[in-house]
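Asker: Following this message is one structure expressed as structure tokens.
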Amino acid sequence: MSADEIRGITHGTAPVPLSVLDLVTVGTGSTATDALRTSASLARLTEARGFHRYWVAEHHSMPGVASSSPAVILANLAAHTERIRLGSGGVMLPNHAPLVIAEQFGTLEALAPGRVDLGLGRAPGTDGATAAALRRTQTLNEGADDFPQQLAELTRFLDDDFPDGHPYRRIHAIPGPIQATTPGGVQSPHRPPVWLLGSSGFSARLAGMLGLPFAFAHHFSAQNTVPALDLYRESFTPSAVLDEPYALIGVSVLAVDEEREARRQVRAGAVNMLRLRTGRPGLFPDPDDVEQHEFSPMEEEFVHSWTANIVHGTADEVRAGLDDLQKRTGADELMLTTHAHRGELRLRSYELVADAYGLPTGVSA
């Protein structure tokens with residue numbers, strides 16, 4: 001596995017490589033089909049403009065987020081793109097048997113050789129009751145304490161290297177390395193690089209200890225960003241994957257042509273999150289409806305707090321905000337996630353960011 005699969009190329013005047021995190025947002029008045037088509041268009045656009053990677057995130061039981069099946073979405077995106085890296089940001093490992101994830105991402109690697117990332121999280125990506133249904137358990141326990149063991153098992157399946165005497169020694173994730181060593185086999189032994197994702201110190205420390213790349217969810221845990229990145233770097237041990245730390249951060253971004261529209265959209269996004277946090281998840285609301293809502297003081301406080309961590313405004317304002325954030329955190333890569341009521345606004349946002357940094361208009365292979 002080459003470190004080049006992890007480290008991106010910086011284009012234009014961007015301070016670091018830029019990437020995409022897609023939650024496949026579904027707004028009121030639109031369908032999941034509309035959202036998935038927007039994702040395909042966005043993947044093509046950001047590939048052409050020199051964005052390094054395109055990740056989708058696993059969420060469940062949220063009407064406004066159509067990304068419950070990252071592997072399925074990524075297979076579709078692989079058919080619509082040629083060069084951009086595709087991956088999960090992330091797959092919530094405790095929700096699945098490690099063998100299933102190894103098979104899914106081995107299949108994706110076969111579909112898009114050399115450009116698949118496997119980002120792993122330990123949160124459920126949903127509420128406790130839904131997590132229990134996913135895991136077919138009688139409790140609402142997230143199972144996060146078992147994450148290091150699950151990760152070790154998944155890595156063994158990906159590398160096909162369970163030791164002799166292990167109960168899984170004769171079990172193989174296919175597509176996978178076993179096909180390269182089977183008589184007559186010509187399958188590539190390559191497998192997707194593993195990333196650890198987190199919003200606190202647990203995965204930061206684990207990623208550092210294992211010498212893996214780390215992705216931090218700044219977009220919903222901004223107060224923990226610098227401490228987690230510091231912990232990752234302090235804990236880092238060189239490995240066969242990386243000789244030095246490499247960390248990206250997820251950032252909520254919305255660039256628009258009119259500053260007022262940016263404020264309307266991010267405020268609607270804050271209401272969407274407020275509903276989720278209070279057990280009333282729904283579709284991404286229409287900003288016109290949000291403007292008619294009478295906010296309680298508590299709701300207004302939440303909205304203000306949430307929007308404060310979204311880099312939004314005109315293209316120049318967003319560029320300045322991203323530059324400042326990168327300087328403050330020392331992030332090696334910025335992964336932009338954009339939420340808006342309409343798909344065309346999401347596409348336009350990435351176009352404006354690319355233009356602001358002078359990214360190429362058509363990256364060649």
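Residue numbering restarts at 1 for every chain of the structure tokens, chains are lettered A, B, ... in their displayed order, and ligands are numbered from 1 as they appear.
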I'd like to know which residues of region 126-336 of chain A are strand (DSSP E or B) (by DSSP, run on the backbone); could you write them as an mmCIF file with N, CA, C and O atoms, in the first residue's frame?
Answerer:
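Below is the file that was written, states-v2.cif:
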```cif
data_model
loop_
_atom_site.group_PDB
_atom_site.id
_atom_site.type_symbol
_atom_site.label_atom_id
_atom_site.label_comp_id
_atom_site.auth_asym_id
_atom_site.auth_seq_id
_atom_site.Cartn_x
_atom_site.Cartn_y
_atom_site.Cartn_z
ATOM 1 N N VAL A 194 -7.064 1.515 5.258
ATOM 2 C CA VAL A 194 -7.994 1.729 6.361
ATOM 3 C C VAL A 194 -7.711 3.070 7.027
ATOM 4 O O VAL A 194 -6.556 3.413 7.311
ATOM 5 N N TRP A 195 -8.774 3.832 7.260
ATOM 6 C CA TRP A 195 -8.729 5.074 8.020
ATOM 7 C C TRP A 195 -9.569 4.873 9.280
ATOM 8 O O TRP A 195 -10.580 4.164 9.251
ATOM 9 N N LEU A 196 -9.184 5.541 10.363
ATOM 10 C CA LEU A 196 -10.040 5.587 11.540
ATOM 11 C C LEU A 196 -10.667 6.970 11.629
ATOM 12 O O LEU A 196 -10.002 7.989 11.402
ATOM 13 N N LEU A 197 -11.961 6.989 11.946
ATOM 14 C CA LEU A 197 -12.722 8.224 12.082
ATOM 15 C C LEU A 197 -13.083 8.434 13.536
ATOM 16 O O LEU A 197 -13.251 7.463 14.286
ATOM 17 N N GLY A 198 -13.233 9.693 13.919
ATOM 18 C CA GLY A 198 -13.617 9.938 15.301
ATOM 19 C C GLY A 198 -14.086 11.352 15.533
ATOM 20 O O GLY A 198 -13.880 12.249 14.710
ATOM 21 N N PHE A 214 -5.988 9.384 10.010
ATOM 22 C CA PHE A 214 -7.087 9.714 10.920
ATOM 23 C C PHE A 214 -7.946 10.813 10.327
ATOM 24 O O PHE A 214 -7.435 11.779 9.751
ATOM 25 N N ALA A 215 -9.264 10.659 10.459
ATOM 26 C CA ALA A 215 -10.218 11.668 10.000
ATOM 27 C C ALA A 215 -11.053 12.118 11.189
ATOM 28 O O ALA A 215 -11.677 11.287 11.853
ATOM 29 N N PHE A 216 -11.063 13.428 11.447
ATOM 30 C CA PHE A 216 -11.804 13.953 12.594
ATOM 31 C C PHE A 216 -13.041 14.710 12.134
ATOM 32 O O PHE A 216 -12.991 15.506 11.191
ATOM 33 N N ALA A 247 -3.680 13.554 8.898
ATOM 34 C CA ALA A 247 -5.023 13.751 9.440
ATOM 35 C C ALA A 247 -5.823 14.703 8.563
ATOM 36 O O ALA A 247 -5.330 15.758 8.164
ATOM 37 N N LEU A 248 -7.039 14.320 8.272
ATOM 38 C CA LEU A 248 -7.980 15.223 7.608
ATOM 39 C C LEU A 248 -9.088 15.577 8.589
ATOM 40 O O LEU A 248 -9.318 14.863 9.565
ATOM 41 N N ILE A 249 -9.761 16.681 8.310
ATOM 42 C CA ILE A 249 -10.914 17.053 9.125
ATOM 43 C C ILE A 249 -12.111 17.303 8.216
ATOM 44 O O ILE A 249 -11.981 17.849 7.122
ATOM 45 N N GLY A 250 -13.283 16.861 8.681
ATOM 46 C CA GLY A 250 -14.528 17.140 7.982
ATOM 47 C C GLY A 250 -15.017 18.529 8.366
ATOM 48 O O GLY A 250 -15.055 18.869 9.553
ATOM 49 N N VAL A 251 -15.389 19.330 7.373
ATOM 50 C CA VAL A 251 -15.788 20.716 7.613
ATOM 51 C C VAL A 251 -17.114 20.991 6.909
ATOM 52 O O VAL A 251 -17.253 20.713 5.718
ATOM 53 N N SER A 252 -18.078 21.547 7.621
ATOM 54 C CA SER A 252 -19.329 21.978 6.997
ATOM 55 C C SER A 252 -19.082 23.282 6.254
ATOM 56 O O SER A 252 -18.602 24.258 6.839
ATOM 57 N N VAL A 253 -19.422 23.281 4.965
ATOM 58 C CA VAL A 253 -19.138 24.420 4.099
ATOM 59 C C VAL A 253 -20.343 24.688 3.209
ATOM 60 O O VAL A 253 -20.972 23.758 2.696
ATOM 61 N N LEU A 254 -20.663 25.965 3.028
ATOM 62 C CA LEU A 254 -21.651 26.340 2.024
ATOM 63 C C LEU A 254 -21.251 27.667 1.416
ATOM 64 O O LEU A 254 -21.282 28.705 2.069
ATOM 65 N N ALA A 255 -20.857 27.603 0.142
ATOM 66 C CA ALA A 255 -20.536 28.814 -0.616
ATOM 67 C C ALA A 255 -21.681 29.082 -1.588
ATOM 68 O O ALA A 255 -22.143 28.166 -2.266
ATOM 69 N N PHE A 284 -34.561 17.649 5.055
ATOM 70 C CA PHE A 284 -33.944 18.967 5.167
ATOM 71 C C PHE A 284 -35.009 20.008 4.850
ATOM 72 O O PHE A 284 -35.603 20.001 3.775
ATOM 73 N N VAL A 311 -18.634 27.001 7.793
ATOM 74 C CA VAL A 311 -17.936 28.006 6.995
ATOM 75 C C VAL A 311 -18.851 28.338 5.820
ATOM 76 O O VAL A 311 -19.035 27.524 4.914
ATOM 77 N N HIS A 312 -19.439 29.531 5.853
ATOM 78 C CA HIS A 312 -20.439 29.842 4.837
ATOM 79 C C HIS A 312 -20.356 31.305 4.414
ATOM 80 O O HIS A 312 -19.793 32.149 5.107
ATOM 81 N N GLY A 313 -20.933 31.569 3.249
ATOM 82 C CA GLY A 313 -20.939 32.926 2.707
ATOM 83 C C GLY A 313 -20.565 32.907 1.251
ATOM 84 O O GLY A 313 -20.781 31.917 0.540
ATOM 85 N N GLU A 333 -5.503 17.728 5.283
ATOM 86 C CA GLU A 333 -6.496 17.667 4.209
ATOM 87 C C GLU A 333 -7.813 18.193 4.764
ATOM 88 O O GLU A 333 -8.123 17.987 5.945
ATOM 89 N N LEU A 334 -8.566 18.893 3.920
ATOM 90 C CA LEU A 334 -9.883 19.384 4.313
ATOM 91 C C LEU A 334 -10.941 18.642 3.512
ATOM 92 O O LEU A 334 -10.902 18.625 2.279
ATOM 93 N N MET A 335 -11.875 18.022 4.221
ATOM 94 C CA MET A 335 -12.958 17.273 3.580
ATOM 95 C C MET A 335 -14.248 18.066 3.775
ATOM 96 O O MET A 335 -14.753 18.197 4.892
ATOM 97 N N LEU A 336 -14.770 18.605 2.692
ATOM 98 C CA LEU A 336 -15.898 19.523 2.769
ATOM 99 C C LEU A 336 -17.218 18.779 2.653
ATOM 100 O O LEU A 336 -17.407 17.962 1.752
#
```
Asker: Tell me which protein, DNA and RNA residues are within 10 Å of Asp257 (chain A), counting only C-alpha atoms, leaving out same-chain ones fewer than 5 positions away, and put them as a PyMOL selection string.
Answerer: chain A and resi 262+313-315+345+348-349+352
Asker: Could you go through region 141-346 of chain A and tell me which residues DSSP, when run on the backbone, assigns to alpha helix (DSSP H), listing them as a VMD selection string?
Answerer: chain A and resid 147 to 159 178 to 181 201 to 210 225 to 235 259 to 277 287 to 291 297 to 307 315 to 329 343 to 346
Asker: Select, from A:Ile9, A:Val303, A:Val65, A:Met209, the residue with the minimum atom-to-atom distance to Val26 (chain A), counting only C-alpha atoms.
Answerer: A:Val65
Asker: Go ahead and compute the interatomic distance for CA of Val72 (chain A) and CA of Leu118 (chain A), in Å to one decimal.
Answerer: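 Interatomic distance here is 13.7 Å.
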Asker: Determine, counting only C-alpha atoms, which protein, DNA and RNA residues have an atom within 10 Å of an atom of region 180-190 of chain A; residues of the same chain fewer than 2 positions away are not included. Present the result as a PyMOL selection string.
Answerer: chain A and resi 1+106+109-110+113-114+158-160+175-178+192-193
Asker: Return the single residue from A:Val20, A:Ile174, A:Leu274, A:Ala71 that is closest to Ala43 (chain A), with distances computed using only C-alpha atoms.
Answerer: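 Among the listed residues, the smallest separation from Ala43 (chain A) belongs to A:Val20.
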Asker: Give the answer as one residue: which of A:Leu18, A:Gln265, A:Leu210, A:Gln150 has the shortest atom-to-atom distance to Gly343 (chain A), using only C-alpha atoms?
Answerer: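 Of the candidates, the smallest distance to Gly343 (chain A) is held by A:Gln265.
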Asker: Between A:Thr13, A:Pro238, A:Pro63, A:Leu86, which has the minimum distance to Arg319 (chain A) (counting only C-alpha atoms)?
Answerer: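 Counting only C-alpha atoms, the residue closest to Arg319 (chain A) is A:Thr13.
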Asker: How far is it from CA of Asn309 (chain A) to CA of Pro285 (chain A), in Å with one decimal?
Answerer: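 About the pair CA of Asn309 (chain A) and CA of Pro285 (chain A): they are 19.3 Å apart.
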Asker: Show me, as a ChimeraX atom specification, the residues that have an atom within 10 Å of Gly362 (chain A) when counting only C-alpha atoms, minus same-chain residues fewer than 4 positions from it.
Answerer: /A:45-50
Asker: Between A:Ala354, A:Leu276, A:Leu21, A:Val266, which has the minimum distance to Ile310 (chain A) (counting only C-alpha atoms)?
Answerer: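 Using only C-alpha atoms, Ile310 (chain A) sits closest to A:Val266.
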